[in-house]
Amino acid sequence: PTMHSCCCRSTLLLLLFYITAAVHQASAFHTNNQANPSMMSSAKKQKLNDDDDKESLHEIRAGFIGCGTIASAIATSLAKPEHEEYLSEAGLSLSTISVTKRSASKSSKLKEDFPHVVSVYESAEEVVRNSDLVFLCLLPQQVDEMLSELKEKGTWNNDRHTLVSLVSTSKVEDLIAKTSLPTNRVFKMICLPPVSNREGCALLTPPASSENGHPYLKKMFDALGGVVECPTDEIMSSMMVPTGLMGTMYGIMKNNRDWLINKGVSPSDASYFVARSYLSMVQDAERDCRDPKRFDDLIEEQTPGGLNEQALKNQEKQGVFDAYDKSMDAVLSRIQGKSDGSLP
């Protein structure tokens, strides 16, 4: 035989050897996989675990009667993908959000931002029938007619529905009477627009975490930034007053900005500096804010004889905090329906 034919036979034998080895290896892998389920890929196992976790979460079908600024903020907070982990940690998962069309600009924006979970309906009845957790977000003068209409149509389901009113003048006992829902299914809540970013703190009455309370309401609001449960409607009315000073705070910041502009600072720099400075102050106050003495301690930290201490004393002498007290009393009086909240 020639050198060429020997090389060909050697090459052929080597090729047959590799093919045989590959077949044996594949067969062994297949056998091991069948005999040992633990060989399942980690990615597949993780997917199965995730699916199991999702099945164990309580699904929320939220509905909003009225779609103004606050309703839009709560819906946004529920729907944001980056907030999903916080809800999941609380044992919750968002399923759907149903909103009434008004206001059209905000409901259409919600639908545009979260097309897979948000549905817009023409009527409140449709929203309630497609929801389990219903937020009432109407003007005070619209509430009675709306609730009467829904009750007449038999829309409410005592075993399924929870009603949360964000109407500042609502009374829980009135809402129960007008819906015939169980007492542990009707609540009043107050929050500010920053809830959309899991910021701020909601107020809720009656306490949802009490015995025979609601199964998930407090956990949900904690996941969306935080909540304080008010034992009575009277306590909640008082705690609502600081939320009515949001405009006052912005007014102070605007005053600071305008003062700086009058001193020659550019409007852009003045606005940026004031906002960032107040943000740092609030963030400092927020740390350990469960401690009732937190604000007192921060005041005590001001340098004796320094600018901050002197400015605070000047404000006190000018009656600034007395004016604040009078303004807060007036806001509370309006919330309680005792006056229109105006001061002379």
# chains A, B, ... in the order shown; residues from 1 in each chain; ligands from 1
call {"tool": "residues_around", "arguments": {"residues": "stretch 294-298 of chain A", "least_positions_apart": "6", "cutoff": "9 Å", "atoms": "only C-alpha atoms", "output": "list of chain:residue names"}}
result
A:Asp284, A:Ala285, A:Glu286, A:Arg287, A:Asp288
call {"tool": "residues_around", "arguments": {"residues": "A:Val143", "least_positions_apart": "6", "cutoff": "9 Å", "atoms": "only C-alpha atoms", "output": "ChimeraX atom specification"}}
result
/A:136-137,167,170
call {"tool": "closest_residue", "arguments": {"among": "A:Ile176, A:Lys109, A:Arg61, A:Ser123", "to": "A:Phe135", "atoms": "only C-alpha atoms"}}
result
A:Arg61
call {"tool": "select_by_dssp", "arguments": {"residues": "stretch 68-212 of chain A", "states": "strand (DSSP E or B)", "output": "ChimeraX atom specification"}}
result
/A:92-100,118-121,133-136,162-165,186-190,202-205
call {"tool": "write_last_selection", "arguments": {"atoms": "C-alpha atoms", "output": "tab-separated table (two decimals), in the first residue's frame"}}
result
chain	number	residue	atom	x	y	z
A	92	LEU	CA	-48.95	41.46	46.52
A	93	SER	CA	-49.07	41.70	42.75
A	94	LEU	CA	-50.88	44.17	40.50
A	95	SER	CA	-53.26	42.53	38.05
A	96	THR	CA	-55.25	45.38	36.47
A	97	ILE	CA	-56.15	49.03	36.88
A	98	SER	CA	-59.56	50.32	35.77
A	99	VAL	CA	-60.24	54.06	35.61
A	100	THR	CA	-63.13	56.27	34.61
A	118	VAL	CA	-54.77	50.08	32.50
A	119	SER	CA	-58.29	50.06	31.03
A	120	VAL	CA	-60.40	53.22	30.66
A	121	TYR	CA	-64.18	53.01	31.08
A	133	LEU	CA	-60.14	47.58	45.40
A	134	VAL	CA	-62.03	50.77	44.48
A	135	PHE	CA	-60.69	54.28	45.10
A	136	LEU	CA	-63.30	57.05	45.27
A	162	THR	CA	-63.10	47.28	49.28
A	163	LEU	CA	-63.81	51.02	49.07
A	164	VAL	CA	-61.15	53.63	49.83
A	165	SER	CA	-62.35	57.23	49.69
A	186	VAL	CA	-64.57	50.78	53.88
A	187	PHE	CA	-61.77	53.26	54.51
A	188	LYS	CA	-60.81	56.88	54.12
A	189	MET	CA	-57.35	57.77	52.89
A	190	ILE	CA	-55.34	60.94	52.33
A	202	ALA	CA	-50.54	58.24	53.45
A	203	LEU	CA	-53.16	58.54	56.20
A	204	LEU	CA	-55.73	55.78	56.65
A	205	THR	CA	-58.77	55.33	58.87
call {"tool": "residues_around", "arguments": {"residues": "stretch 246-262 of chain A", "least_positions_apart": "4", "cutoff": "10 Å", "atoms": "only C-alpha atoms", "output": "PDB file with N, CA and C atoms, in the first residue's frame"}}
result
ATOM      1  N   LEU A 192     -50.527  62.536  49.182  1.00  0.00           N
ATOM      2  CA  LEU A 192     -50.099  63.612  48.284  1.00  0.00           C
ATOM      3  C   LEU A 192     -49.546  63.011  46.988  1.00  0.00           C
ATOM      4  N   VAL A 241     -54.209  68.257  58.321  1.00  0.00           N
ATOM      5  CA  VAL A 241     -53.875  69.682  58.243  1.00  0.00           C
ATOM      6  C   VAL A 241     -52.494  69.935  57.629  1.00  0.00           C
ATOM      7  N   PRO A 242     -51.424  69.237  58.059  1.00  0.00           N
ATOM      8  CA  PRO A 242     -50.122  69.482  57.408  1.00  0.00           C
ATOM      9  C   PRO A 242     -50.133  69.225  55.906  1.00  0.00           C
ATOM     10  N   SER A 266     -29.226  84.783  39.284  1.00  0.00           N
ATOM     11  CA  SER A 266     -29.992  84.388  38.096  1.00  0.00           C
ATOM     12  C   SER A 266     -31.194  83.536  38.520  1.00  0.00           C
ATOM     13  N   PRO A 267     -32.342  83.682  37.818  1.00  0.00           N
ATOM     14  CA  PRO A 267     -33.543  82.906  38.184  1.00  0.00           C
ATOM     15  C   PRO A 267     -33.295  81.400  38.206  1.00  0.00           C
ATOM     16  N   SER A 268     -32.509  80.903  37.250  1.00  0.00           N
ATOM     17  CA  SER A 268     -32.243  79.472  37.190  1.00  0.00           C
ATOM     18  C   SER A 268     -31.436  79.005  38.400  1.00  0.00           C
ATOM     19  N   ASP A 269     -30.378  79.743  38.720  1.00  0.00           N
ATOM     20  CA  ASP A 269     -29.548  79.380  39.872  1.00  0.00           C
ATOM     21  C   ASP A 269     -30.333  79.498  41.171  1.00  0.00           C
ATOM     22  N   ALA A 270     -31.149  80.535  41.280  1.00  0.00           N
ATOM     23  CA  ALA A 270     -31.934  80.738  42.498  1.00  0.00           C
ATOM     24  C   ALA A 270     -32.905  79.586  42.708  1.00  0.00           C
ATOM     25  N   SER A 271     -33.619  79.202  41.663  1.00  0.00           N
ATOM     26  CA  SER A 271     -34.597  78.116  41.767  1.00  0.00           C
ATOM     27  C   SER A 271     -33.911  76.799  42.109  1.00  0.00           C
ATOM     28  N   TYR A 272     -32.812  76.508  41.427  1.00  0.00           N
ATOM     29  CA  TYR A 272     -32.088  75.260  41.644  1.00  0.00           C
ATOM     30  C   TYR A 272     -31.539  75.190  43.066  1.00  0.00           C
ATOM     31  N   PHE A 273     -30.936  76.278  43.513  1.00  0.00           N
ATOM     32  CA  PHE A 273     -30.304  76.292  44.826  1.00  0.00           C
ATOM     33  C   PHE A 273     -31.333  76.150  45.944  1.00  0.00           C
ATOM     34  N   VAL A 274     -32.431  76.877  45.842  1.00  0.00           N
ATOM     35  CA  VAL A 274     -33.465  76.811  46.884  1.00  0.00           C
ATOM     36  C   VAL A 274     -34.049  75.400  46.966  1.00  0.00           C
ATOM     37  N   ALA A 275     -34.405  74.821  45.817  1.00  0.00           N
ATOM     38  CA  ALA A 275     -35.015  73.489  45.816  1.00  0.00           C
ATOM     39  C   ALA A 275     -34.065  72.445  46.392  1.00  0.00           C
ATOM     40  N   SER A 277     -31.503  72.925  48.381  1.00  0.00           N
ATOM     41  CA  SER A 277     -31.223  73.194  49.797  1.00  0.00           C
ATOM     42  C   SER A 277     -32.351  72.678  50.676  1.00  0.00           C
ATOM     43  N   TYR A 278     -33.598  72.962  50.287  1.00  0.00           N
ATOM     44  CA  TYR A 278     -34.733  72.481  51.077  1.00  0.00           C
ATOM     45  C   TYR A 278     -34.818  70.961  51.045  1.00  0.00           C
ATOM     46  N   TYR A 324     -48.855  80.450  61.712  1.00  0.00           N
ATOM     47  CA  TYR A 324     -48.990  79.056  61.266  1.00  0.00           C
ATOM     48  C   TYR A 324     -50.100  78.346  62.047  1.00  0.00           C
TER      49      TYR A 324
END
call {"tool": "residues_around", "arguments": {"residues": "stretch 182-185 of chain A", "least_positions_apart": "2", "cutoff": "12 Å", "atoms": "only C-alpha atoms", "output": "ChimeraX atom specification"}}
result
/A:132-135,156-165,172-180,187-188,205-217
call {"tool": "write_last_selection", "arguments": {"atoms": "N, CA, C and O atoms", "output": "short mmCIF file (atom, residue, chain, number, x, y, z; two decimals), in the first residue's frame"}}
result
data_model
loop_
_atom_site.label_atom_id
_atom_site.label_comp_id
_atom_site.auth_asym_id
_atom_site.auth_seq_id
_atom_site.Cartn_x
_atom_site.Cartn_y
_atom_site.Cartn_z
N ASP A 132 -61.59 45.04 42.44
CA ASP A 132 -61.84 44.57 43.80
C ASP A 132 -61.56 45.67 44.81
O ASP A 132 -62.26 45.79 45.81
N LEU A 133 -60.52 46.46 44.54
CA LEU A 133 -60.14 47.58 45.40
C LEU A 133 -60.49 48.87 44.67
O LEU A 133 -59.88 49.21 43.66
N VAL A 134 -61.49 49.60 45.19
CA VAL A 134 -62.03 50.77 44.48
C VAL A 134 -61.67 52.05 45.24
O VAL A 134 -61.97 52.18 46.43
N PHE A 135 -61.03 52.98 44.54
CA PHE A 135 -60.69 54.28 45.10
C PHE A 135 -61.72 55.31 44.62
O PHE A 135 -61.95 55.46 43.41
N TRP A 156 -72.14 46.80 44.12
CA TRP A 156 -71.18 46.39 45.16
C TRP A 156 -71.35 44.93 45.54
O TRP A 156 -72.47 44.42 45.64
N ASN A 157 -70.22 44.26 45.76
CA ASN A 157 -70.20 42.87 46.20
C ASN A 157 -69.52 42.82 47.57
O ASN A 157 -68.32 43.09 47.69
N ASN A 158 -70.28 42.46 48.60
CA ASN A 158 -69.75 42.50 49.97
C ASN A 158 -68.58 41.56 50.20
O ASN A 158 -67.74 41.80 51.07
N ASP A 159 -68.50 40.49 49.43
CA ASP A 159 -67.42 39.52 49.61
C ASP A 159 -66.15 39.89 48.84
O ASP A 159 -65.09 39.33 49.09
N ARG A 160 -66.29 40.84 47.94
CA ARG A 160 -65.17 41.11 47.03
C ARG A 160 -64.65 42.54 47.11
O ARG A 160 -63.44 42.76 47.01
N HIS A 161 -65.52 43.50 47.28
CA HIS A 161 -65.12 44.90 47.12
C HIS A 161 -64.61 45.54 48.42
O HIS A 161 -65.12 45.29 49.50
N THR A 162 -63.59 46.38 48.24
CA THR A 162 -63.10 47.28 49.28
C THR A 162 -63.16 48.69 48.72
O THR A 162 -62.73 48.93 47.59
N LEU A 163 -63.69 49.63 49.50
CA LEU A 163 -63.81 51.02 49.07
C LEU A 163 -62.86 51.88 49.88
O LEU A 163 -62.86 51.83 51.12
N VAL A 164 -62.05 52.67 49.19
CA VAL A 164 -61.15 53.63 49.83
C VAL A 164 -61.48 55.01 49.27
O VAL A 164 -61.29 55.27 48.08
N SER A 165 -61.99 55.88 50.13
CA SER A 165 -62.35 57.23 49.69
C SER A 165 -61.19 58.20 49.92
O SER A 165 -60.60 58.24 51.00
N VAL A 172 -66.49 57.80 57.23
CA VAL A 172 -66.51 56.36 56.99
C VAL A 172 -67.90 55.78 57.24
O VAL A 172 -68.39 54.95 56.46
N GLU A 173 -68.56 56.22 58.32
CA GLU A 173 -69.89 55.67 58.61
C GLU A 173 -70.90 56.01 57.52
O GLU A 173 -71.78 55.20 57.20
N ASP A 174 -70.75 57.19 56.90
CA ASP A 174 -71.63 57.56 55.79
C ASP A 174 -71.36 56.67 54.57
O ASP A 174 -72.30 56.25 53.87
N LEU A 175 -70.09 56.39 54.31
CA LEU A 175 -69.73 55.54 53.16
C LEU A 175 -70.27 54.13 53.33
O LEU A 175 -70.74 53.52 52.37
N ILE A 176 -70.23 53.64 54.57
CA ILE A 176 -70.76 52.29 54.84
C ILE A 176 -72.26 52.27 54.57
O ILE A 176 -72.79 51.35 53.94
N ALA A 177 -72.96 53.31 55.04
CA ALA A 177 -74.40 53.37 54.86
C ALA A 177 -74.79 53.48 53.38
O ALA A 177 -75.79 52.91 52.94
N LYS A 178 -73.98 54.18 52.62
CA LYS A 178 -74.32 54.43 51.21
C LYS A 178 -73.89 53.31 50.27
O LYS A 178 -74.24 53.33 49.09
N THR A 179 -73.11 52.35 50.80
CA THR A 179 -72.68 51.22 49.96
C THR A 179 -73.15 49.87 50.49
O THR A 179 -73.18 48.90 49.74
N SER A 180 -73.46 49.83 51.79
CA SER A 180 -73.82 48.58 52.49
C SER A 180 -72.66 47.59 52.51
O SER A 180 -72.86 46.38 52.70
N PHE A 187 -62.83 52.47 53.90
CA PHE A 187 -61.77 53.26 54.51
C PHE A 187 -61.74 54.67 53.89
O PHE A 187 -62.27 54.90 52.80
N LYS A 188 -61.09 55.53 54.62
CA LYS A 188 -60.81 56.88 54.12
C LYS A 188 -59.30 57.06 54.11
O LYS A 188 -58.61 56.65 55.07
N THR A 205 -57.86 55.62 57.76
CA THR A 205 -58.77 55.33 58.87
C THR A 205 -59.96 54.54 58.35
O THR A 205 -60.39 54.77 57.21
N PRO A 206 -60.49 53.60 59.15
CA PRO A 206 -59.95 53.09 60.42
C PRO A 206 -58.71 52.24 60.17
O PRO A 206 -58.41 51.91 59.01
N PRO A 207 -57.99 51.87 61.23
CA PRO A 207 -56.79 51.05 61.04
C PRO A 207 -57.11 49.74 60.32
O PRO A 207 -58.01 49.01 60.72
N ALA A 208 -56.36 49.48 59.26
CA ALA A 208 -56.59 48.25 58.48
C ALA A 208 -55.90 47.05 59.08
O ALA A 208 -56.25 45.91 58.78
N SER A 209 -54.91 47.29 59.95
CA SER A 209 -54.14 46.18 60.51
C SER A 209 -54.70 45.68 61.83
O SER A 209 -54.13 44.79 62.45
N SER A 210 -55.83 46.25 62.27
CA SER A 210 -56.42 45.81 63.53
C SER A 210 -57.04 44.43 63.38
O SER A 210 -57.17 43.90 62.28
N GLU A 211 -57.43 43.84 64.50
CA GLU A 211 -58.08 42.53 64.47
C GLU A 211 -59.36 42.63 63.63
O GLU A 211 -60.12 43.60 63.75
N ASN A 212 -59.56 41.66 62.79
CA ASN A 212 -60.70 41.66 61.84
C ASN A 212 -60.58 42.81 60.84
O ASN A 212 -61.58 43.26 60.27
N GLY A 213 -59.36 43.30 60.64
CA GLY A 213 -59.15 44.39 59.70
C GLY A 213 -59.05 43.88 58.27
O GLY A 213 -59.51 42.78 57.94
N HIS A 214 -58.39 44.67 57.42
CA HIS A 214 -58.29 44.32 56.00
C HIS A 214 -57.07 43.44 55.76
O HIS A 214 -56.01 43.64 56.37
N PRO A 215 -57.16 42.47 54.86
CA PRO A 215 -56.06 41.51 54.67
C PRO A 215 -54.78 42.09 54.09
O PRO A 215 -53.70 41.55 54.33
N TYR A 216 -54.85 43.17 53.31
CA TYR A 216 -53.61 43.62 52.66
C TYR A 216 -53.46 45.13 52.50
O TYR A 216 -52.44 45.61 52.00
N LEU A 217 -54.44 45.92 52.93
CA LEU A 217 -54.43 47.35 52.62
C LEU A 217 -53.22 48.08 53.20
O LEU A 217 -52.53 48.83 52.51
#
call {"tool": "select_by_dssp", "arguments": {"residues": "stretch 152-332 of chain A", "states": "helix (DSSP H, G or I)", "output": "PyMOL selection string"}}
result
chain A and resi 152+172-179+183-185+193-197+217-223+233-262+267-286+294-300+307-317+320-332
call {"tool": "write_last_selection", "arguments": {"atoms": "C-alpha atoms", "output": "compact mmCIF listing (two decimals), in the first residue's frame"}}
result
# COMPACT_ATOMS: atom_id res chain seq x y z
CA GLU A 152 -79.32 51.11 43.22
CA VAL A 172 -66.51 56.36 56.99
CA GLU A 173 -69.89 55.67 58.61
CA ASP A 174 -71.63 57.56 55.79
CA LEU A 175 -69.73 55.54 53.16
CA ILE A 176 -70.76 52.29 54.84
CA ALA A 177 -74.40 53.37 54.86
CA LYS A 178 -74.32 54.43 51.21
CA THR A 179 -72.68 51.22 49.96
CA THR A 183 -67.18 47.83 58.13
CA ASN A 184 -63.79 46.23 57.48
CA ARG A 185 -64.13 46.99 53.76
CA PRO A 193 -48.99 63.29 44.62
CA PRO A 194 -45.41 62.18 45.47
CA VAL A 195 -46.91 58.75 46.25
CA SER A 196 -46.32 58.11 42.55
CA ASN A 197 -42.60 57.86 43.39
CA LEU A 217 -54.43 47.35 52.62
CA LYS A 218 -51.78 48.53 55.10
CA LYS A 219 -49.13 46.29 53.51
CA MET A 220 -49.93 47.79 50.11
CA PHE A 221 -49.65 51.40 51.27
CA ASP A 222 -46.44 50.63 53.18
CA ALA A 223 -45.06 49.21 49.93
CA ASP A 233 -61.81 60.20 62.07
CA GLU A 234 -61.08 63.12 64.42
CA ILE A 235 -57.40 62.18 64.61
CA MET A 236 -57.26 61.85 60.85
CA SER A 237 -58.85 65.29 60.39
CA SER A 238 -56.10 66.81 62.53
CA MET A 239 -53.37 64.91 60.69
CA MET A 240 -54.75 66.08 57.37
CA VAL A 241 -53.88 69.68 58.24
CA PRO A 242 -50.12 69.48 57.41
CA THR A 243 -51.04 68.07 53.99
CA GLY A 244 -52.90 71.34 53.43
CA LEU A 245 -49.65 73.27 53.95
CA MET A 246 -47.99 71.98 50.80
CA GLY A 247 -48.84 75.22 49.02
CA THR A 248 -47.45 77.18 51.96
CA MET A 249 -44.12 75.39 51.71
CA TYR A 250 -43.95 76.07 47.98
CA GLY A 251 -44.85 79.67 48.74
CA ILE A 252 -41.90 79.96 51.15
CA MET A 253 -39.58 78.46 48.54
CA LYS A 254 -40.90 80.87 45.91
CA ASN A 255 -40.33 83.75 48.32
CA ASN A 256 -36.73 82.60 48.87
CA ARG A 257 -36.22 82.35 45.11
CA ASP A 258 -37.66 85.80 44.41
CA TRP A 259 -35.59 87.33 47.22
CA LEU A 260 -32.41 85.90 45.68
CA ILE A 261 -33.39 87.14 42.22
CA ASN A 262 -33.88 90.63 43.64
CA PRO A 267 -33.54 82.91 38.18
CA SER A 268 -32.24 79.47 37.19
CA ASP A 269 -29.55 79.38 39.87
CA ALA A 270 -31.93 80.74 42.50
CA SER A 271 -34.60 78.12 41.77
CA TYR A 272 -32.09 75.26 41.64
CA PHE A 273 -30.30 76.29 44.83
CA VAL A 274 -33.47 76.81 46.88
CA ALA A 275 -35.01 73.49 45.82
CA ARG A 276 -31.84 71.49 46.44
CA SER A 277 -31.22 73.19 49.80
CA TYR A 278 -34.73 72.48 51.08
CA LEU A 279 -34.48 68.91 49.82
CA SER A 280 -31.34 68.34 51.90
CA MET A 281 -33.03 69.83 54.99
CA VAL A 282 -36.10 67.61 54.61
CA GLN A 283 -33.97 64.52 54.01
CA ASP A 284 -32.05 65.27 57.20
CA ALA A 285 -35.31 65.67 59.13
CA GLU A 286 -36.68 62.42 57.67
CA ARG A 294 -36.11 64.45 66.00
CA PHE A 295 -37.12 68.03 65.09
CA ASP A 296 -36.20 69.34 68.57
CA ASP A 297 -32.77 67.76 68.25
CA LEU A 298 -32.20 69.37 64.86
CA ILE A 299 -33.07 72.79 66.29
CA GLU A 300 -30.72 72.19 69.21
CA LEU A 307 -27.33 82.57 61.49
CA ASN A 308 -29.86 79.73 61.76
CA GLU A 309 -30.49 80.22 65.47
CA GLN A 310 -30.86 83.98 65.02
CA ALA A 311 -33.21 83.62 62.02
CA LEU A 312 -35.42 81.22 64.00
CA LYS A 313 -35.64 83.65 66.92
CA ASN A 314 -36.47 86.51 64.56
CA GLN A 315 -39.27 84.44 63.02
CA GLU A 316 -40.66 83.69 66.47
CA LYS A 317 -40.58 87.40 67.41
CA VAL A 320 -44.57 83.52 62.15
CA PHE A 321 -45.40 80.37 64.11
CA ASP A 322 -48.46 81.95 65.71
CA ALA A 323 -49.66 82.68 62.17
CA TYR A 324 -48.99 79.06 61.27
CA ASP A 325 -51.10 77.87 64.21
CA LYS A 326 -53.98 80.11 63.18
CA SER A 327 -53.76 78.89 59.60
CA MET A 328 -53.78 75.25 60.72
CA ASP A 329 -56.76 75.86 63.03
CA ALA A 330 -58.60 77.40 60.07
CA VAL A 331 -57.81 74.42 57.82
CA LEU A 332 -59.05 72.01 60.49
call {"tool": "closest_residue", "arguments": {"among": "A:Glu229, A:Ala71, A:Gly66, A:Ser168", "to": "A:Met146", "atoms": "only C-alpha atoms"}}
result
A:Gly66
call {"tool": "closest_residue", "arguments": {"among": "A:Leu166, A:Lys111, A:Cys67, A:Asp340", "to": "A:Pro140", "atoms": "only C-alpha atoms"}}
result
A:Leu166
call {"tool": "atom_distance", "arguments": {"atom1": "atom CA of A:Lys171", "atom2": "atom CA of A:Glu149"}}
result
18.4 Å
call {"tool": "atom_distance", "arguments": {"atom1": "atom CA of A:Leu57", "atom2": "atom CA of A:His83"}}
result
14.7 Å
call {"tool": "atom_distance", "arguments": {"atom1": "atom CA of A:Gly225", "atom2": "atom CA of A:Ser333"}}
result
28.5 Å
